[in-house]
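Novice: Got a structure for you, model_38.pdb, holding PDB, C-alpha atoms.
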```
ATOM      1  CA  MET A  42     243.980  22.730 124.444
ATOM      2  CA  THR A  43     242.884  21.033 127.583
ATOM      3  CA  SER A  44     245.592  20.658 130.146
ATOM      4  CA  THR A  45     246.137  17.503 132.093
ATOM      5  CA  SER A  46     247.563  19.371 135.075
ATOM      6  CA  PRO A  47     245.832  18.779 138.382
ATOM      7  CA  PRO A  48     243.377  21.403 139.610
ATOM      8  CA  THR A  49     244.628  24.062 141.932
ATOM      9  CA  SER A  50     242.908  26.721 143.980
ATOM     10  CA  ALA A  51     244.247  30.167 143.263
ATOM     11  CA  PRO A  52     244.308  32.737 146.063
ATOM     12  CA  ALA A  53     241.712  35.475 145.790
ATOM     13  CA  GLY A  54     244.444  38.009 144.841
ATOM     14  CA  ASP A  55     245.089  35.966 141.719
ATOM     15  CA  LYS A  56     241.725  36.901 140.236
ATOM     16  CA  PHE A  57     241.343  39.753 137.778
ATOM     17  CA  SER A  58     240.164  43.021 139.304
ATOM     18  CA  SER A  59     236.983  44.612 137.979
ATOM     19  CA  ARG A  60     239.078  47.036 135.919
ATOM     20  CA  GLN A  61     241.126  44.147 134.505
ATOM     21  CA  LEU A  62     237.899  42.288 133.664
ATOM     22  CA  GLU A  63     236.781  45.269 131.585
ATOM     23  CA  THR A  64     240.058  45.044 129.660
ATOM     24  CA  VAL A  65     239.626  41.272 129.299
ATOM     25  CA  ASN A  66     236.093  41.733 127.901
ATOM     26  CA  GLU A  67     237.381  44.214 125.316
ATOM     27  CA  ALA A  68     240.207  41.845 124.375
ATOM     28  CA  VAL A  69     237.789  38.917 124.016
ATOM     29  CA  ALA A  70     235.548  40.945 121.692
ATOM     30  CA  LEU A  71     238.497  41.868 119.465
ATOM     31  CA  ALA A  72     239.838  38.303 119.423
ATOM     32  CA  GLU A  73     236.412  37.016 118.365
ATOM     33  CA  GLU A  74     236.244  39.561 115.568
ATOM     34  CA  LEU A  75     239.772  38.847 114.323
ATOM     35  CA  VAL A  76     239.326  35.067 114.296
ATOM     36  CA  SER A  77     235.876  35.288 112.721
ATOM     37  CA  ASN A  78     237.221  37.572 109.986
ATOM     38  CA  HIS A  79     240.245  35.353 109.399
ATOM     39  CA  TYR A  80     238.101  32.272 108.836
ATOM     40  CA  LYS A  81     235.557  34.368 106.874
ATOM     41  CA  MET A  82     232.722  33.223 109.094
ATOM     42  CA  SER A  83     229.409  35.044 109.020
ATOM     43  CA  THR A  84     227.726  36.057 112.250
ATOM     44  CA  SER A  85     225.313  33.130 112.003
ATOM     45  CA  GLN A  86     228.182  30.682 111.435
ATOM     46  CA  TRP A  87     230.151  32.162 114.324
ATOM     47  CA  LEU A  88     227.237  31.926 116.743
ATOM     48  CA  LYS A  89     226.831  28.250 115.848
ATOM     49  CA  ARG A  90     230.192  27.713 117.518
ATOM     50  CA  ARG A  91     228.967  27.115 121.004
ATOM     51  CA  TYR A  92     231.526  28.394 123.458
ATOM     52  CA  ASP A  93     231.993  30.742 126.358
ATOM     53  CA  VAL A  94     234.991  32.588 127.787
ATOM     54  CA  ARG A  95     235.275  32.697 131.568
ATOM     55  CA  SER A  96     237.792  33.980 134.079
ATOM     56  CA  ARG A  97     238.719  32.631 137.505
ATOM     57  CA  ILE A  98     235.677  34.039 139.281
ATOM     58  CA  ASP A  99     233.373  31.843 137.150
ATOM     59  CA  LEU A 100     235.461  28.668 137.074
ATOM     60  CA  SER A 101     234.946  25.524 139.103
ATOM     61  CA  GLY A 102     237.896  23.960 140.893
ATOM     62  CA  SER A 103     238.442  21.381 138.145
ATOM     63  CA  GLU A 104     238.661  24.164 135.535
ATOM     64  CA  ILE A 105     241.605  25.855 137.260
ATOM     65  CA  VAL A 106     245.033  24.496 136.350
ATOM     66  CA  ASP A 107     248.668  25.316 136.897
ATOM     67  CA  GLY A 108     250.774  26.183 133.889
ATOM     68  CA  PRO A 109     248.812  27.336 130.848
ATOM     69  CA  LEU A 110     247.370  30.823 130.491
ATOM     70  CA  ALA A 111     244.060  29.298 129.400
ATOM     71  CA  GLN A 112     242.539  25.978 128.535
ATOM     72  CA  VAL A 113     239.634  24.786 126.433
ATOM     73  CA  ILE A 114     237.292  22.264 127.992
ATOM     74  CA  ARG A 115     234.668  20.488 125.927
ATOM     75  CA  TYR A 116     231.318  19.752 127.512
ATOM     76  CA  GLU A 117     228.260  18.094 126.063
ATOM     77  CA  GLY A 118     225.415  20.542 125.729
ATOM     78  CA  ARG A 119     221.764  19.727 125.303
ATOM     79  CA  GLN A 120     218.661  21.835 125.044
ATOM     80  CA  ALA A 121     216.652  21.542 128.257
ATOM     81  CA  GLU A 122     213.464  20.420 126.526
ATOM     82  CA  THR A 123     215.270  17.641 124.611
ATOM     83  CA  PRO A 124     216.219  14.650 126.780
ATOM     84  CA  LEU A 125     217.480  12.558 123.836
ATOM     85  CA  ASN A 126     221.164  12.449 122.899
ATOM     86  CA  SER A 127     220.282  13.109 119.263
ATOM     87  CA  ARG A 128     220.102  16.832 120.075
ATOM     88  CA  ALA A 129     223.385  16.948 122.008
ATOM     89  CA  PHE A 130     226.121  19.340 120.881
ATOM     90  CA  ASP A 131     229.673  20.225 121.818
ATOM     91  CA  PHE A 132     230.000  23.225 124.113
ATOM     92  CA  TYR A 133     233.487  24.632 124.607
ATOM     93  CA  LYS A 134     234.567  26.697 127.560
ATOM     94  CA  ILE A 135     237.674  28.839 127.381
ATOM     95  CA  CYS A 136     238.920  28.967 130.941
ATOM     96  CA  LEU A 137     241.228  31.936 131.411
ATOM     97  CA  GLN A 138     243.717  31.260 134.171
ATOM     98  CA  ASP A 139     243.864  34.695 135.808
ATOM     99  CA  HIS A 140     246.702  33.678 138.124
ATOM    100  CA  ALA A 141     248.877  32.451 135.234
ATOM    101  CA  ILE A 142     248.171  35.513 133.085
ATOM    102  CA  LYS A 143     248.951  37.842 135.992
ATOM    103  CA  ALA A 144     252.143  35.894 136.735
ATOM    104  CA  ALA A 145     253.235  36.233 133.087
ATOM    105  CA  LEU A 146     252.603  39.982 133.277
ATOM    106  CA  ASP A 147     254.619  40.203 136.512
ATOM    107  CA  LYS A 148     257.542  38.190 135.093
ATOM    108  CA  SER A 149     257.593  40.022 131.753
ATOM    109  CA  PRO A 150     257.067  43.743 132.346
ATOM    110  CA  GLU A 151     257.044  44.435 128.592
ATOM    111  CA  LEU A 152     253.716  42.569 128.335
ATOM    112  CA  GLN A 153     250.375  44.341 128.704
ATOM    113  CA  LEU A 154     247.093  42.708 129.682
ATOM    114  CA  TYR A 155     245.049  43.732 126.622
ATOM    115  CA  PRO A 156     247.307  42.381 123.839
ATOM    116  CA  LEU A 157     248.198  39.300 125.902
ATOM    117  CA  VAL A 158     244.527  38.371 126.364
ATOM    118  CA  VAL A 159     243.799  39.081 122.691
ATOM    119  CA  TYR A 160     246.524  36.544 121.809
ATOM    120  CA  VAL A 161     245.432  33.957 124.382
ATOM    121  CA  VAL A 162     241.737  34.105 123.452
ATOM    122  CA  ALA A 163     242.436  34.164 119.698
ATOM    123  CA  HIS A 164     244.636  31.104 120.185
ATOM    124  CA  GLU A 165     241.919  29.220 122.058
ATOM    125  CA  LEU A 166     239.243  30.288 119.551
ATOM    126  CA  ILE A 167     241.377  28.888 116.737
ATOM    127  CA  HIS A 168     241.456  25.574 118.612
ATOM    128  CA  ILE A 169     237.653  25.653 118.861
ATOM    129  CA  VAL A 170     237.262  26.441 115.163
ATOM    130  CA  ARG A 171     239.614  23.570 114.314
ATOM    131  CA  PHE A 172     237.794  21.134 116.633
ATOM    132  CA  SER A 173     234.349  22.116 115.401
ATOM    133  CA  THR A 174     235.342  21.919 111.729
ATOM    134  CA  PHE A 175     237.025  18.535 112.228
ATOM    135  CA  ARG A 176     240.510  19.823 111.368
ATOM    136  CA  GLN A 177     241.727  18.485 114.700
ATOM    137  CA  ASN A 178     240.435  15.777 117.014
ATOM    138  CA  PHE A 179     239.780  17.055 120.536
ATOM    139  CA  HIS A 180     240.991  13.745 121.970
ATOM    140  CA  ALA A 181     244.410  13.657 120.329
ATOM    141  CA  THR A 182     247.559  11.874 121.399
ATOM    142  CA  GLU A 183     250.220  13.842 123.267
ATOM    143  CA  GLU A 184     252.338  14.059 120.103
ATOM    144  CA  GLU A 185     249.354  15.250 118.057
ATOM    145  CA  ARG A 186     248.595  17.872 120.721
ATOM    146  CA  TRP A 187     252.101  19.315 120.518
ATOM    147  CA  THR A 188     251.906  19.410 116.733
ATOM    148  CA  GLU A 189     248.522  21.100 116.958
ATOM    149  CA  GLU A 190     249.886  23.662 119.413
ATOM    150  CA  GLY A 191     252.554  24.560 116.860
ATOM    151  CA  ARG A 192     249.944  24.942 114.115
ATOM    152  CA  VAL A 193     247.689  27.068 116.297
ATOM    153  CA  HIS A 194     250.530  29.317 117.504
ATOM    154  CA  ALA A 195     251.554  29.855 113.862
ATOM    155  CA  GLU A 196     247.955  30.649 112.888
ATOM    156  CA  THR A 197     247.561  33.012 115.851
ATOM    157  CA  ARG A 198     250.760  34.803 114.868
ATOM    158  CA  LYS A 199     249.514  35.068 111.278
ATOM    159  CA  ILE A 200     246.241  36.664 112.406
ATOM    160  CA  LEU A 201     247.784  39.082 114.921
ATOM    161  CA  ASN A 202     251.081  39.955 113.240
ATOM    162  CA  SER A 203     249.834  43.010 111.365
ATOM    163  CA  THR A 204     246.968  44.201 113.559
ATOM    164  CA  GLY A 205     248.786  47.244 114.880
ATOM    165  CA  ILE A 206     247.566  46.537 118.415
ATOM    166  CA  PRO A 207     249.846  48.462 120.802
ATOM    167  CA  GLY A 208     251.975  45.989 122.747
ATOM    168  CA  MET A 209     251.308  43.051 120.399
ATOM    169  CA  ASP A 210     254.947  42.895 119.236
ATOM    170  CA  ALA A 211     256.034  42.084 122.807
ATOM    171  CA  VAL A 212     253.364  39.382 123.039
ATOM    172  CA  LEU A 213     254.455  37.833 119.740
ATOM    173  CA  ARG A 214     258.068  37.795 120.978
ATOM    174  CA  PHE A 215     256.882  36.225 124.246
ATOM    175  CA  PHE A 216     255.214  33.365 122.339
ATOM    176  CA  SER A 217     257.932  32.983 119.705
ATOM    177  CA  HIS A 218     259.516  30.195 121.768
ATOM    178  CA  TRP A 219     256.569  27.986 120.826
ATOM    179  CA  GLN A 220     257.299  28.327 117.136
ATOM    180  CA  GLN A 221     260.994  27.672 117.714
ATOM    181  CA  ALA A 222     260.206  24.571 119.785
ATOM    182  CA  MET A 223     257.804  23.272 117.142
ATOM    183  CA  ASP A 224     260.351  23.880 114.377
ATOM    184  CA  SER A 225     263.005  21.935 116.296
ATOM    185  CA  LEU A 226     260.612  18.999 116.859
ATOM    186  CA  GLN A 227     259.919  18.796 113.131
ATOM    187  CA  ASP A 228     263.657  18.494 112.415
ATOM    188  CA  PHE A 229     263.729  15.005 113.975
TER
END
```
Taking this structure as input, can you express it in the form of structure tokens?
Specialist:
Amino acid sequence: MTSTSPPTSAPAGDKFSSRQLETVNEAVALAEELVSNHYKMSTSQWLKRRYDVRSRIDLSGSEIVDGPLAQVIRYEGRQAETPLNSRAFDFYKICLQDHAIKAALDKSPELQLYPLVVYVVAHELIHIVRFSTFRQNFHATEEERWTEEGRVHAETRKILNSTGIPGMDAVLRFFSHWQQAMDSLQDF
């Protein structure tokens, strides 16, 4: 979900290396496939979901935030030859926060880049599917956002739990605090 944290400028060393970007691209492709399969979406349905995944090198200053590993930003898209709003569409941008992902990897040596990015991108793609199918309002209240985060973490876990991706167990343990926090909020 979109963060409300102020923009920050990450030092150049906080960007993914070219080798890491190759790993990220592979992880994005797998996340797309897993989420598409989970929601039983055909290729034509999946391509209708207008989104892009970008890393730090392609982000503007306002798309870089402190805290989350990624964020989804919704833009209004429009075909160039159509000046009328009647042809406008939602365009989502998954903004990977290289510096935050690299910091998580540094702080938790059991994590590996590939399974971590698969989780992060799958998580954000689930948000996009939910927004674009009207299961969740993009402009939700803070309470609704936290509830949605719990739902999306649970759905991400469901999709990735039995994939057999090396290193995914460590990633699922890393994110298990979200499910525990959501469960404790529902007890009130």
Novice: Show which residues sit within 9 Å of Ala68 (chain A), as a PyMOL selection string. Count only C-alpha atoms, and ignore same-chain residues fewer than 6 positions away.
Specialist: chain A and resi 154-160+162
Novice: Using the chain letters and numbers from the file, give me the residues hit by the PyMOL selection byres ((chain A and resi 165-176) around 10), as a PyMOL selection string.
Specialist: chain A and resi 42-43+69+72-73+76-77+79-80+87+89-94+111-115+131-137+160-164+177-180+189-190+192-194+196-197
Novice: Since I can't run it myself right now, could you work out what the PyMOL selection byres ((chain A and resi 212-217) around 9) selects here and report it as a ChimeraX atom specification?
Specialist: /A:149,151-153,156-157,160,194,198,201-202,208-211,218-222
Novice: Any idea what the distance is between CA of Arg95 (chain A) and CA of Asp107 (chain A)?
Specialist: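 For CA of Arg95 (chain A) relative to CA of Asp107 (chain A), the distance reads 16.2 Å.
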Novice: Kindly give the distance, in Å, that separates CA of Ala144 (chain A) and CA of Gly102 (chain A), rounded to a single decimal.
Specialist: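 The value is 19.0 Å.
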Novice: To one decimal place, how far is CA of Gly108 (chain A) from CA of Gln138 (chain A) in Å?
Specialist: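 CA of Gln138 (chain A) lies 8.7 Å from CA of Gly108 (chain A).
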Novice: Could you spell out the hits of the PyMOL selection byres ((chain A and resi 57) around 10) on the shown file, as a count of residues only?
Specialist: 20
